[in-house]
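J.: Input entry.cif, format and content: mmCIF, C-alpha atoms.
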```cif
data_run
#
loop_
_atom_site.label_atom_id
_atom_site.label_comp_id
_atom_site.auth_asym_id
_atom_site.auth_seq_id
_atom_site.Cartn_x
_atom_site.Cartn_y
_atom_site.Cartn_z
CA MET X 1 256.82 320.45 46.35
CA ALA X 2 257.33 318.91 49.77
CA GLY X 3 256.86 315.14 49.89
CA GLY X 4 253.27 314.24 50.55
CA ALA X 5 251.80 317.30 48.84
CA VAL X 6 249.17 316.18 46.33
CA LEU X 7 248.21 318.34 43.36
CA ASN X 8 245.83 317.18 40.60
CA GLY X 9 245.73 313.81 42.35
CA VAL X 10 249.50 313.46 41.87
CA ASP X 11 251.85 312.99 44.81
CA VAL X 12 254.36 315.67 43.87
CA GLY X 13 256.96 314.51 46.37
CA ARG X 14 256.88 310.99 44.90
CA LEU X 15 257.05 312.44 41.40
CA VAL X 16 260.18 314.40 42.24
CA ALA X 17 261.68 311.40 44.04
CA THR X 18 260.98 309.21 41.00
CA VAL X 19 262.73 311.63 38.67
CA GLU X 20 265.71 311.88 41.01
CA ALA X 21 265.97 308.11 41.38
CA ILE X 22 266.01 307.66 37.60
CA GLN X 23 268.58 310.42 37.16
CA ALA X 24 270.81 308.57 39.63
CA ASN X 25 270.18 305.17 38.02
CA PRO X 26 268.92 305.25 34.42
CA GLU X 27 268.36 301.48 34.50
CA LEU X 28 265.26 302.19 36.55
CA ALA X 29 263.77 303.91 33.49
CA ARG X 30 263.66 300.72 31.43
CA PHE X 31 260.10 299.43 31.17
CA LYS X 32 258.64 296.51 29.27
CA PHE X 33 254.87 296.63 28.83
CA ARG X 34 253.01 293.50 27.79
CA ALA X 35 249.71 292.17 26.59
CA THR X 36 248.21 288.90 25.46
CA SER X 37 245.22 288.79 23.19
CA GLU X 38 242.97 286.12 21.76
CA TRP X 39 240.54 286.19 18.92
CA VAL X 40 236.96 285.46 19.99
CA ASP X 41 234.79 285.37 16.86
CA GLY X 42 234.35 287.49 13.76
CA GLY X 43 235.84 290.91 14.49
CA ARG X 44 235.93 290.29 18.24
CA SER X 45 239.06 289.87 20.30
CA ARG X 46 239.95 290.10 23.97
CA THR X 47 243.21 291.47 25.38
CA ARG X 48 244.55 290.88 28.88
CA ILE X 49 247.03 293.29 30.44
CA GLN X 50 248.59 292.66 33.83
CA GLY X 51 252.32 292.37 34.48
CA PHE X 52 255.14 294.58 33.27
CA TYR X 53 258.78 295.14 34.02
CA GLY X 54 259.93 298.51 35.30
CA ALA X 55 261.88 300.35 37.99
CA GLY X 56 264.25 297.39 38.11
CA GLN X 57 261.75 294.62 38.77
CA GLU X 58 258.68 292.76 37.66
CA ASP X 59 255.61 294.64 38.77
CA ALA X 60 253.20 292.64 40.95
CA SER X 61 250.74 295.36 41.87
CA ARG X 62 247.86 294.13 39.74
CA GLU X 63 246.01 291.21 41.26
CA ARG X 64 243.95 290.58 38.16
CA PRO X 65 244.43 291.39 34.49
CA PHE X 66 242.63 294.26 32.86
CA VAL X 67 240.50 293.00 30.00
CA LEU X 68 240.03 295.10 26.88
CA GLU X 69 237.65 294.05 24.14
CA GLY X 70 237.77 294.87 20.46
CA ASP X 71 235.10 294.50 17.80
CA GLU X 72 233.84 296.24 14.68
CA PRO X 73 230.53 297.99 13.99
CA PRO X 74 228.01 296.24 11.71
CA VAL X 75 229.02 298.33 8.68
CA LEU X 76 232.47 296.74 9.11
CA LEU X 77 230.96 293.27 9.57
CA GLY X 78 231.19 293.24 13.36
CA THR X 79 228.71 293.10 16.21
CA ASN X 80 229.36 296.39 18.05
CA THR X 81 230.37 294.85 21.35
CA ALA X 82 233.43 297.10 21.70
CA PRO X 83 235.32 299.89 19.93
CA ASN X 84 237.55 298.90 17.06
CA ALA X 85 241.32 298.98 16.93
CA VAL X 86 241.76 302.42 15.39
CA GLU X 87 239.27 303.88 17.84
CA ALA X 88 241.34 302.34 20.64
CA VAL X 89 244.33 304.26 19.25
CA LEU X 90 242.45 307.53 19.79
CA HIS X 91 241.79 306.51 23.40
CA ALA X 92 245.47 305.70 23.91
CA LEU X 93 246.47 309.12 22.60
CA ALA X 94 244.04 311.01 24.82
CA SER X 95 244.95 308.94 27.86
CA CYS X 96 248.64 309.60 27.28
CA LEU X 97 248.28 313.35 26.84
CA ALA X 98 246.09 313.55 29.95
CA VAL X 99 248.76 311.87 32.09
CA GLY X 100 251.51 314.00 30.61
CA PHE X 101 249.59 317.22 31.04
CA VAL X 102 248.42 316.57 34.58
CA TYR X 103 251.71 315.19 35.92
CA ASN X 104 253.73 318.01 34.46
CA ALA X 105 251.18 320.56 35.64
CA ALA X 106 251.60 319.15 39.15
CA ALA X 107 255.38 319.43 38.85
CA ARG X 108 254.99 323.08 37.82
CA GLY X 109 252.53 323.89 40.58
CA ILE X 110 249.59 324.34 38.21
CA LYS X 111 246.23 323.15 39.49
CA VAL X 112 244.14 321.62 36.71
CA GLU X 113 240.40 322.09 37.09
CA SER X 114 239.35 320.20 33.99
CA LEU X 115 240.89 318.77 30.85
CA GLU X 116 238.94 317.42 27.87
CA PHE X 117 239.99 316.08 24.50
CA THR X 118 238.17 315.71 21.20
CA LEU X 119 239.79 313.50 18.57
CA GLU X 120 239.06 312.57 14.98
CA GLY X 121 241.05 310.44 12.58
CA ASP X 122 240.67 310.00 8.82
CA LEU X 123 240.97 306.52 7.43
CA ASP X 124 240.45 305.32 3.87
CA LEU X 125 239.30 301.73 4.02
CA ARG X 126 240.81 300.94 0.60
CA GLY X 127 244.17 300.43 2.29
CA PHE X 128 242.88 297.76 4.66
CA LEU X 129 240.94 296.14 1.82
CA GLY X 130 244.00 296.04 -0.41
CA LEU X 131 242.18 297.99 -3.12
CA SER X 132 244.85 300.63 -3.71
CA ASP X 133 248.62 300.78 -3.32
CA ASP X 134 248.38 304.55 -3.04
CA VAL X 135 246.24 304.51 0.08
CA ARG X 136 247.87 303.76 3.41
CA PRO X 137 245.99 301.33 5.69
CA GLY X 138 246.23 303.54 8.78
CA TYR X 139 245.12 307.03 9.65
CA GLU X 140 245.91 309.64 7.04
CA GLY X 141 245.73 312.21 9.82
CA ILE X 142 244.46 312.72 13.33
CA ARG X 143 243.10 316.00 14.68
CA LEU X 144 243.02 316.55 18.39
CA SER X 145 241.78 319.55 20.27
CA TYR X 146 241.78 320.07 23.95
CA ARG X 147 240.26 322.38 26.44
CA VAL X 148 241.90 323.16 29.74
CA ARG X 149 240.75 324.98 32.82
CA ALA X 150 243.61 325.63 35.20
CA ASN X 151 244.90 328.30 37.56
CA ALA X 152 247.66 329.56 35.29
CA PRO X 153 248.07 332.26 32.62
CA ARG X 154 247.40 331.20 29.05
CA GLU X 155 251.09 331.45 28.15
CA ASP X 156 251.99 328.94 30.87
CA ILE X 157 249.34 326.54 29.58
CA VAL X 158 250.64 326.90 26.03
CA ALA X 159 254.20 326.22 27.21
CA LEU X 160 253.02 323.18 29.14
CA CYS X 161 251.12 321.88 26.08
CA ASP X 162 254.25 322.24 23.97
CA TYR X 163 256.32 320.35 26.50
CA VAL X 164 253.73 317.58 26.81
CA GLN X 165 253.66 317.15 23.04
CA ARG X 166 257.44 316.72 22.95
CA THR X 167 257.43 314.09 25.70
CA SER X 168 254.22 312.12 25.11
CA PRO X 169 254.94 308.43 24.46
CA VAL X 170 251.83 307.80 22.35
CA LEU X 171 252.16 311.01 20.38
CA ASP X 172 255.74 309.99 19.60
CA ILE X 173 254.59 306.49 18.66
CA LEU X 174 252.09 307.96 16.22
CA ARG X 175 254.21 310.73 14.73
CA ASN X 176 257.41 308.71 14.37
CA PRO X 177 258.17 305.19 13.15
CA VAL X 178 258.25 302.37 15.69
CA LYS X 179 260.02 299.13 14.92
CA VAL X 180 257.50 296.32 15.24
CA SER X 181 258.78 292.79 14.79
CA VAL X 182 256.16 290.18 14.03
CA ALA X 183 256.80 286.48 14.42
CA LEU X 184 254.51 283.61 13.60
CA ALA X 185 254.93 280.77 16.09
CA ASP X 186 255.37 277.26 14.71
CA MET O 187 231.47 282.59 -1.13
CA ALA O 188 227.73 282.73 -1.70
CA GLY O 189 225.95 285.49 0.24
CA GLY O 190 224.96 284.30 3.68
CA ALA O 191 227.87 281.89 4.12
CA VAL O 192 229.58 282.60 7.44
CA LEU O 193 233.19 281.60 8.08
CA ASN O 194 235.11 282.57 11.26
CA GLY O 195 232.05 284.56 12.31
CA VAL O 196 232.37 286.69 9.17
CA ASP O 197 229.56 286.97 6.63
CA VAL O 198 231.61 286.29 3.52
CA GLY O 199 228.91 287.41 1.14
CA ARG O 200 228.66 290.77 2.88
CA LEU O 201 232.44 291.06 2.91
CA VAL O 202 232.60 290.55 -0.85
CA ALA O 203 229.67 292.92 -1.38
CA THR O 204 231.42 295.57 0.74
CA VAL O 205 234.60 295.31 -1.28
CA GLU O 206 232.65 295.51 -4.55
CA ALA O 207 230.65 298.52 -3.37
CA ILE O 208 233.85 300.38 -2.45
CA GLN O 209 235.50 299.47 -5.74
CA ALA O 210 232.51 300.97 -7.53
CA ASN O 211 232.42 304.07 -5.30
CA PRO O 212 235.66 304.86 -3.46
CA GLU O 213 233.90 307.62 -1.49
CA LEU O 214 232.34 304.86 0.59
CA ALA O 215 235.83 304.01 1.89
CA ARG O 216 236.25 307.33 3.69
CA PHE O 217 235.86 306.90 7.43
CA LYS O 218 236.23 309.35 10.28
CA PHE O 219 236.61 307.75 13.70
CA ARG O 220 236.13 309.85 16.81
CA ALA O 221 236.58 309.91 20.54
CA THR O 222 236.12 312.31 23.40
CA SER O 223 238.07 311.97 26.60
CA GLU O 224 238.11 313.68 29.96
CA TRP O 225 240.66 313.68 32.71
CA VAL O 226 239.31 312.24 35.97
CA ASP O 227 242.06 312.57 38.60
CA GLY O 228 245.79 311.88 38.82
CA GLY O 229 246.65 309.49 35.97
CA ARG O 230 243.02 308.58 35.34
CA SER O 231 241.03 309.50 32.28
CA ARG O 232 237.87 308.28 30.62
CA THR O 233 237.26 308.07 26.88
CA ARG O 234 233.89 307.76 25.17
CA ILE O 235 233.59 306.33 21.67
CA GLN O 236 230.30 306.18 19.82
CA GLY O 237 229.63 307.81 16.47
CA PHE O 238 231.75 307.76 13.34
CA TYR O 239 231.38 308.64 9.69
CA GLY O 240 231.77 305.92 7.09
CA ALA O 241 230.21 304.28 4.05
CA GLY O 242 228.79 307.66 3.06
CA GLN O 243 226.94 308.50 6.25
CA GLU O 244 227.06 309.08 9.98
CA ASP O 245 226.84 305.76 11.74
CA ALA O 246 223.97 305.44 14.21
CA SER O 247 224.32 301.80 15.15
CA ARG O 248 225.65 302.36 18.68
CA GLU O 249 222.96 303.26 21.15
CA ARG O 250 225.43 304.10 23.91
CA PRO O 251 229.08 305.10 23.91
CA PHE O 252 231.80 302.62 24.74
CA VAL O 253 233.76 303.81 27.75
CA LEU O 254 237.49 303.14 27.99
CA GLU O 255 239.44 304.00 31.11
CA GLY O 256 243.11 304.83 31.44
CA ASP O 257 245.29 304.99 34.53
CA GLU O 258 248.84 304.25 35.65
CA PRO O 259 250.19 301.65 38.07
CA PRO O 260 251.41 302.83 41.49
CA VAL O 261 255.06 302.80 40.38
CA LEU O 262 254.03 305.42 37.83
CA LEU O 263 252.05 307.36 40.45
CA GLY O 264 248.64 306.01 39.47
CA THR O 265 245.99 303.91 41.14
CA ASN O 266 245.83 300.82 38.89
CA THR O 267 242.20 301.21 37.90
CA ALA O 268 242.92 300.62 34.20
CA PRO O 269 245.78 299.92 31.77
CA ASN O 270 247.94 302.84 30.78
CA ALA O 271 248.14 304.48 27.39
CA VAL O 272 251.05 302.53 25.96
CA GLU O 273 249.47 299.28 27.10
CA ALA O 274 246.30 300.34 25.27
CA VAL O 275 248.45 300.68 22.14
CA LEU O 276 249.39 296.99 22.42
CA HIS O 277 245.70 296.10 22.66
CA ALA O 278 244.94 298.19 19.59
CA LEU O 279 247.64 296.41 17.62
CA ALA O 280 246.47 292.92 18.58
CA SER O 281 242.84 293.79 17.94
CA CYS O 282 243.71 295.14 14.51
CA LEU O 283 245.75 292.14 13.45
CA ALA O 284 243.03 289.79 14.67
CA VAL O 285 240.41 291.47 12.49
CA GLY O 286 242.72 291.55 9.50
CA PHE O 287 243.71 287.94 9.88
CA VAL O 288 240.25 286.56 10.44
CA TYR O 289 238.47 288.61 7.77
CA ASN O 290 241.09 287.81 5.15
CA ALA O 291 241.11 284.16 6.17
CA ALA O 292 237.36 284.11 5.62
CA ALA O 293 237.79 285.68 2.20
CA ARG O 294 240.33 282.97 1.31
CA GLY O 295 238.19 280.14 2.61
CA ILE O 296 240.48 279.40 5.57
CA LYS O 297 238.74 278.36 8.76
CA VAL O 298 240.53 279.76 11.83
CA GLU O 299 240.36 277.55 14.92
CA SER O 300 242.27 279.84 17.25
CA LEU O 301 244.47 282.91 17.10
CA GLU O 302 246.52 284.29 19.98
CA PHE O 303 248.94 287.18 20.30
CA THR O 304 251.71 287.96 22.76
CA LEU O 305 253.09 291.50 22.73
CA GLU O 306 255.88 293.32 24.49
CA GLY O 307 257.14 296.87 24.05
CA ASP O 308 260.31 298.53 25.35
CA LEU O 309 260.00 302.01 26.74
CA ASP O 310 262.65 304.13 28.42
CA LEU O 311 260.91 306.47 30.83
CA ARG O 312 263.64 309.10 30.51
CA GLY O 313 261.94 310.34 27.35
CA PHE O 314 258.62 311.00 29.04
CA LEU O 315 260.39 312.55 32.02
CA GLY O 316 262.40 314.88 29.79
CA LEU O 317 265.68 313.56 31.20
CA SER O 318 267.41 312.85 27.90
CA ASP O 319 267.17 314.25 24.41
CA ASP O 320 268.61 311.00 23.07
CA VAL O 321 265.76 308.86 24.36
CA ARG O 322 262.46 308.87 22.50
CA PRO O 323 259.33 309.11 24.66
CA GLY O 324 257.55 306.23 22.92
CA TYR O 325 258.29 302.57 22.35
CA GLU O 326 261.80 301.84 21.17
CA GLY O 327 260.46 298.61 19.75
CA ILE O 328 257.52 296.25 19.94
CA ARG O 329 257.76 292.48 19.58
CA LEU O 330 254.67 290.55 18.66
CA SER O 331 254.32 286.83 18.21
CA TYR O 332 251.26 284.97 17.24
CA ARG O 333 250.03 281.46 17.16
CA VAL O 334 247.43 280.26 14.69
CA ARG O 335 245.46 277.09 14.36
CA ALA O 336 243.66 276.90 11.03
CA ASN O 337 242.74 274.40 8.34
CA ALA O 338 245.38 275.48 5.85
CA PRO O 339 248.97 274.55 4.97
CA ARG O 340 251.71 276.50 6.74
CA GLU O 341 252.66 278.30 3.54
CA ASP O 342 249.14 279.65 3.15
CA ILE O 343 249.18 280.91 6.73
CA VAL O 344 252.53 282.61 6.18
CA ALA O 345 251.23 284.27 3.02
CA LEU O 346 248.14 285.43 4.86
CA CYS O 347 250.26 286.85 7.71
CA ASP O 348 252.36 288.77 5.21
CA TYR O 349 249.28 290.22 3.57
CA VAL O 350 247.73 291.17 6.91
CA GLN O 351 250.92 292.97 7.93
CA ARG O 352 250.86 295.02 4.74
CA THR O 353 247.24 296.07 5.20
CA SER O 354 246.84 296.45 8.98
CA PRO O 355 245.79 299.99 9.92
CA VAL O 356 247.34 299.95 13.39
CA LEU O 357 250.56 298.29 12.25
CA ASP O 358 250.85 301.00 9.61
CA ILE O 359 250.11 303.68 12.21
CA LEU O 360 252.93 302.34 14.38
CA ARG O 361 255.51 301.64 11.70
CA ASN O 362 254.99 304.82 9.71
CA PRO O 363 254.52 308.48 10.67
CA VAL O 364 251.01 309.80 11.17
CA LYS O 365 250.27 313.50 11.00
CA VAL O 366 248.69 314.50 14.30
CA SER O 367 247.54 318.08 14.63
CA VAL O 368 247.03 319.32 18.16
CA ALA O 369 245.04 322.43 18.96
CA LEU O 370 244.45 324.03 22.33
CA ALA O 371 240.97 325.52 22.52
CA ASP O 372 240.63 329.09 23.80
#
```
Represent the structure from my file as structure tokens, please.

T.:
Amino acid sequence: MAGGAVLNGVDVGRLVATVEAIQANPELARFKFRATSEWVDGGRSRTRIQGFYGAGQEDASRERPFVLEGDEPPVLLGTNTAPNAVEAVLHALASCLAVGFVYNAAARGIKVESLEFTLEGDLDLRGFLGLSDDVRPGYEGIRLSYRVRANAPREDIVALCDYVQRTSPVLDILRNPVKVSVALAD
Amino acid sequence: MAGGAVLNGVDVGRLVATVEAIQANPELARFKFRATSEWVDGGRSRTRIQGFYGAGQEDASRERPFVLEGDEPPVLLGTNTAPNAVEAVLHALASCLAVGFVYNAAARGIKVESLEFTLEGDLDLRGFLGLSDDVRPGYEGIRLSYRVRANAPREDIVALCDYVQRTSPVLDILRNPVKVSVALAD
């Protein structure tokens, strides 16, 4: 774990240094992530993501915003220009677990050869349509399976998976309630 | 609300027909959304979204998969090629509320001129890093504000906002627990 060693594309020395810096100064752990979004037409919207606060300062590393599009398929009255919002949630979950798995594998000295996720979520549209008070609007359940190839015994992979599940931000966001305050501007 | 009338880019006749079809046959409301995702390198991953099940059949409307990328900024040991997972969650939330607002506005005969969202979420990295059992890995809170221009009195907009909040799939997914089952393939 000497500084400069890179495993799984992760600079392990920087990872260790980051953890140590946050242990010494927990304020560095406070992040604020942001987005702005505008409706385009019909089911289409466009989100821009650029700045955030973290590690004690405003981040200025992104020269341009990332642009994410949302839309609905024709059966949901959209025009299929982009995935819809609940599909984007599945992407967020996979992306989060990938980072968690690969970073922690690097910290443990495990070389990851490949990592793939398959996700499926069940949603009953009657919630969104307001047709039943007994049906929640969101996913009733999400199933995720993943396949790993790595240079470690199965038991080490299982232990790593368990750890990643306990520390994944998006998995936590899905499994546990998040306070979301919504304000309508004047 | 005659068939063929389009308001806010939404075919109101089709919207009403969809609601009526689901009322007559709730099985049509069952959707299964899917994604596959593969780790690329470091914090990077790539998600593909194409098929889904809904309205009683496998959807075949998308000729190619949508591709969503995830990465981390340099301060989080990534290479800034894409937004990270918790930023993607903010996009999903805005995209969901936009669809809900605009579709329901169309159903109520409200013409939306513009609709914009600003989102910010607080995250303490100590959860992800496993440095504290008292800190959750995910967002401690999300603040969302939105600005609407539409041809309706303020009280009608407020009522619409309230309804949209009660029926938004992603807002429900965030505010309330979702069962996520995770399986590691052999």

J.: Once chain X is fitted onto chain O by least squares over all its in-order Cα atoms, send the moved chain as a compact mmCIF listing (two decimals) with C-alpha atoms, keeping the file's coordinate frame.

T.:
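Writing the result to part.txt gives the following:
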```txt
# COMPACT_ATOMS: atom_id res chain seq x y z
CA MET X 1 231.56 282.56 -1.08
CA ALA X 2 227.82 282.68 -1.64
CA GLY X 3 226.03 285.46 0.23
CA GLY X 4 224.99 284.33 3.66
CA ALA X 5 227.86 281.88 4.13
CA VAL X 6 229.57 282.60 7.46
CA LEU X 7 233.18 281.60 8.09
CA ASN X 8 235.10 282.56 11.25
CA GLY X 9 232.03 284.54 12.30
CA VAL X 10 232.36 286.69 9.16
CA ASP X 11 229.55 286.96 6.63
CA VAL X 12 231.62 286.29 3.52
CA GLY X 13 228.90 287.40 1.13
CA ARG X 14 228.65 290.77 2.89
CA LEU X 15 232.43 291.05 2.90
CA VAL X 16 232.60 290.54 -0.85
CA ALA X 17 229.67 292.91 -1.39
CA THR X 18 231.41 295.56 0.73
CA VAL X 19 234.60 295.31 -1.30
CA GLU X 20 232.66 295.51 -4.55
CA ALA X 21 230.65 298.52 -3.38
CA ILE X 22 233.84 300.38 -2.45
CA GLN X 23 235.49 299.48 -5.74
CA ALA X 24 232.49 300.99 -7.53
CA ASN X 25 232.41 304.08 -5.29
CA PRO X 26 235.65 304.86 -3.44
CA GLU X 27 233.90 307.62 -1.48
CA LEU X 28 232.33 304.86 0.59
CA ALA X 29 235.82 304.02 1.89
CA ARG X 30 236.24 307.34 3.67
CA PHE X 31 235.85 306.90 7.42
CA LYS X 32 236.23 309.35 10.28
CA PHE X 33 236.63 307.74 13.70
CA ARG X 34 236.14 309.84 16.81
CA ALA X 35 236.58 309.92 20.54
CA THR X 36 236.11 312.33 23.40
CA SER X 37 238.06 311.98 26.60
CA GLU X 38 238.12 313.68 29.96
CA TRP X 39 240.66 313.66 32.70
CA VAL X 40 239.32 312.24 35.97
CA ASP X 41 242.06 312.57 38.61
CA GLY X 42 245.77 311.89 38.82
CA GLY X 43 246.66 309.51 35.98
CA ARG X 44 243.03 308.58 35.36
CA SER X 45 241.04 309.50 32.29
CA ARG X 46 237.87 308.27 30.64
CA THR X 47 237.26 308.06 26.89
CA ARG X 48 233.88 307.76 25.19
CA ILE X 49 233.59 306.31 21.69
CA GLN X 50 230.30 306.18 19.83
CA GLY X 51 229.64 307.82 16.47
CA PHE X 52 231.74 307.77 13.33
CA TYR X 53 231.37 308.65 9.69
CA GLY X 54 231.74 305.94 7.07
CA ALA X 55 230.18 304.27 4.04
CA GLY X 56 228.79 307.66 3.06
CA GLN X 57 226.93 308.52 6.25
CA GLU X 58 227.05 309.09 9.96
CA ASP X 59 226.85 305.77 11.74
CA ALA X 60 223.98 305.45 14.22
CA SER X 61 224.33 301.81 15.16
CA ARG X 62 225.65 302.35 18.67
CA GLU X 63 222.96 303.28 21.16
CA ARG X 64 225.43 304.09 23.90
CA PRO X 65 229.08 305.09 23.92
CA PHE X 66 231.79 302.62 24.74
CA VAL X 67 233.76 303.81 27.74
CA LEU X 68 237.48 303.14 27.99
CA GLU X 69 239.44 304.00 31.11
CA GLY X 70 243.10 304.84 31.45
CA ASP X 71 245.28 304.99 34.54
CA GLU X 72 248.83 304.26 35.64
CA PRO X 73 250.18 301.65 38.06
CA PRO X 74 251.41 302.83 41.48
CA VAL X 75 255.07 302.79 40.39
CA LEU X 76 254.02 305.43 37.84
CA LEU X 77 252.05 307.37 40.46
CA GLY X 78 248.64 306.01 39.47
CA THR X 79 245.99 303.90 41.15
CA ASN X 80 245.82 300.82 38.89
CA THR X 81 242.19 301.21 37.90
CA ALA X 82 242.92 300.63 34.20
CA PRO X 83 245.77 299.92 31.78
CA ASN X 84 247.93 302.83 30.78
CA ALA X 85 248.14 304.50 27.40
CA VAL X 86 251.05 302.53 25.97
CA GLU X 87 249.47 299.28 27.12
CA ALA X 88 246.31 300.34 25.28
CA VAL X 89 248.45 300.68 22.14
CA LEU X 90 249.40 296.99 22.43
CA HIS X 91 245.70 296.10 22.66
CA ALA X 92 244.94 298.19 19.58
CA LEU X 93 247.64 296.40 17.61
CA ALA X 94 246.46 292.93 18.58
CA SER X 95 242.83 293.80 17.94
CA CYS X 96 243.70 295.14 14.50
CA LEU X 97 245.75 292.14 13.44
CA ALA X 98 243.03 289.78 14.67
CA VAL X 99 240.40 291.48 12.50
CA GLY X 100 242.71 291.57 9.51
CA PHE X 101 243.73 287.96 9.87
CA VAL X 102 240.26 286.57 10.43
CA TYR X 103 238.49 288.62 7.75
CA ASN X 104 241.08 287.82 5.14
CA ALA X 105 241.12 284.17 6.17
CA ALA X 106 237.36 284.11 5.61
CA ALA X 107 237.80 285.69 2.18
CA ARG X 108 240.34 282.98 1.31
CA GLY X 109 238.20 280.15 2.62
CA ILE X 110 240.48 279.41 5.57
CA LYS X 111 238.75 278.37 8.78
CA VAL X 112 240.53 279.76 11.83
CA GLU X 113 240.35 277.57 14.92
CA SER X 114 242.27 279.84 17.25
CA LEU X 115 244.47 282.91 17.09
CA GLU X 116 246.51 284.30 19.99
CA PHE X 117 248.95 287.17 20.28
CA THR X 118 251.71 287.95 22.75
CA LEU X 119 253.11 291.49 22.72
CA GLU X 120 255.90 293.32 24.49
CA GLY X 121 257.13 296.86 24.04
CA ASP X 122 260.29 298.52 25.34
CA LEU X 123 260.00 302.00 26.73
CA ASP X 124 262.64 304.13 28.42
CA LEU X 125 260.90 306.45 30.83
CA ARG X 126 263.63 309.10 30.50
CA GLY X 127 261.94 310.35 27.34
CA PHE X 128 258.61 310.99 29.05
CA LEU X 129 260.40 312.55 32.01
CA GLY X 130 262.40 314.86 29.78
CA LEU X 131 265.67 313.55 31.21
CA SER X 132 267.41 312.84 27.91
CA ASP X 133 267.18 314.25 24.39
CA ASP X 134 268.60 311.00 23.06
CA VAL X 135 265.76 308.85 24.34
CA ARG X 136 262.47 308.87 22.48
CA PRO X 137 259.32 309.10 24.64
CA GLY X 138 257.54 306.21 22.91
CA TYR X 139 258.29 302.57 22.35
CA GLU X 140 261.80 301.84 21.17
CA GLY X 141 260.45 298.60 19.74
CA ILE X 142 257.52 296.25 19.94
CA ARG X 143 257.75 292.47 19.58
CA LEU X 144 254.67 290.54 18.66
CA SER X 145 254.30 286.83 18.20
CA TYR X 146 251.24 284.97 17.23
CA ARG X 147 250.01 281.46 17.16
CA VAL X 148 247.43 280.26 14.69
CA ARG X 149 245.46 277.08 14.36
CA ALA X 150 243.66 276.89 11.05
CA ASN X 151 242.75 274.39 8.35
CA ALA X 152 245.39 275.50 5.86
CA PRO X 153 248.98 274.55 4.99
CA ARG X 154 251.70 276.51 6.75
CA GLU X 155 252.67 278.30 3.54
CA ASP X 156 249.13 279.66 3.15
CA ILE X 157 249.18 280.92 6.74
CA VAL X 158 252.54 282.60 6.17
CA ALA X 159 251.23 284.27 3.01
CA LEU X 160 248.13 285.43 4.85
CA CYS X 161 250.27 286.83 7.71
CA ASP X 162 252.36 288.76 5.20
CA TYR X 163 249.28 290.21 3.56
CA VAL X 164 247.74 291.17 6.91
CA GLN X 165 250.92 292.96 7.93
CA ARG X 166 250.87 295.03 4.73
CA THR X 167 247.23 296.06 5.20
CA SER X 168 246.84 296.45 8.97
CA PRO X 169 245.79 299.99 9.91
CA VAL X 170 247.36 299.95 13.38
CA LEU X 171 250.55 298.28 12.24
CA ASP X 172 250.85 301.00 9.60
CA ILE X 173 250.12 303.68 12.20
CA LEU X 174 252.92 302.34 14.37
CA ARG X 175 255.52 301.64 11.70
CA ASN X 176 254.99 304.83 9.70
CA PRO X 177 254.52 308.48 10.66
CA VAL X 178 251.00 309.79 11.16
CA LYS X 179 250.27 313.49 11.01
CA VAL X 180 248.70 314.50 14.31
CA SER X 181 247.55 318.09 14.64
CA VAL X 182 247.03 319.32 18.17
CA ALA X 183 245.05 322.43 18.97
CA LEU X 184 244.47 324.04 22.32
CA ALA X 185 240.99 325.54 22.54
CA ASP X 186 240.67 329.10 23.82
```

J.: Name every residue that the PyMOL selection byres ((chain O and resi 254-267) around 8) selects in this structure, writing the answer as a list in words with chains first and numbers rising.

T.: Val10, Asp11, Arg14, Leu15, Ala55, Ser61, Arg62, His91, Ala92 and Ser95 of chain X; Gly228, Gly229, Arg230, Ser231, Arg232, Thr233, Arg234, Phe252, Val253, Ala268, Pro269, Asn270 and Ala271 of chain O

J.: Tell me, as a PyMOL selection string, which residues lie within 12 Å of Val192 in chain O, counting only C-alpha atoms; anything in the same chain fewer than 2 positions away does not count.

T.: (chain X and resi 41-42+77) or (chain O and resi 187-190+194-202+288-289+291-293+295-297)

J.: Tell me which of X:Tyr53, X:Tyr146, X:Phe101, X:Tyr163 sits closest to chain O, counting all atoms listed in the file.

T.: X:Tyr146

J.: Can you translate the PyMOL selection byres ((chain X and resi 181) around 8) into the concrete residues it hits in this file, as a list in words?

T.: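 Given this file, the PyMOL selection byres ((chain X and resi 181) around 8) evaluates to Lys179, Val180, Val182 and Ala183 of chain X; Gly327, Ile328, Arg329 and Leu330 of chain O.
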
J.: So how far away is CA of Tyr139 in chain X from CA of Val158 in chain X, in Å?

T.: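 Between CA of Val158 in chain X and CA of Tyr139 in chain X the gap is 26.3 Å.
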
J.: Since I can't run it myself right now, could you work out what the PyMOL selection byres ((chain X and resi 177) around 10) selects here and report it as a ChimeraX atom specification?

T.: /X:172-176,178-180 /O:324-327,358-364
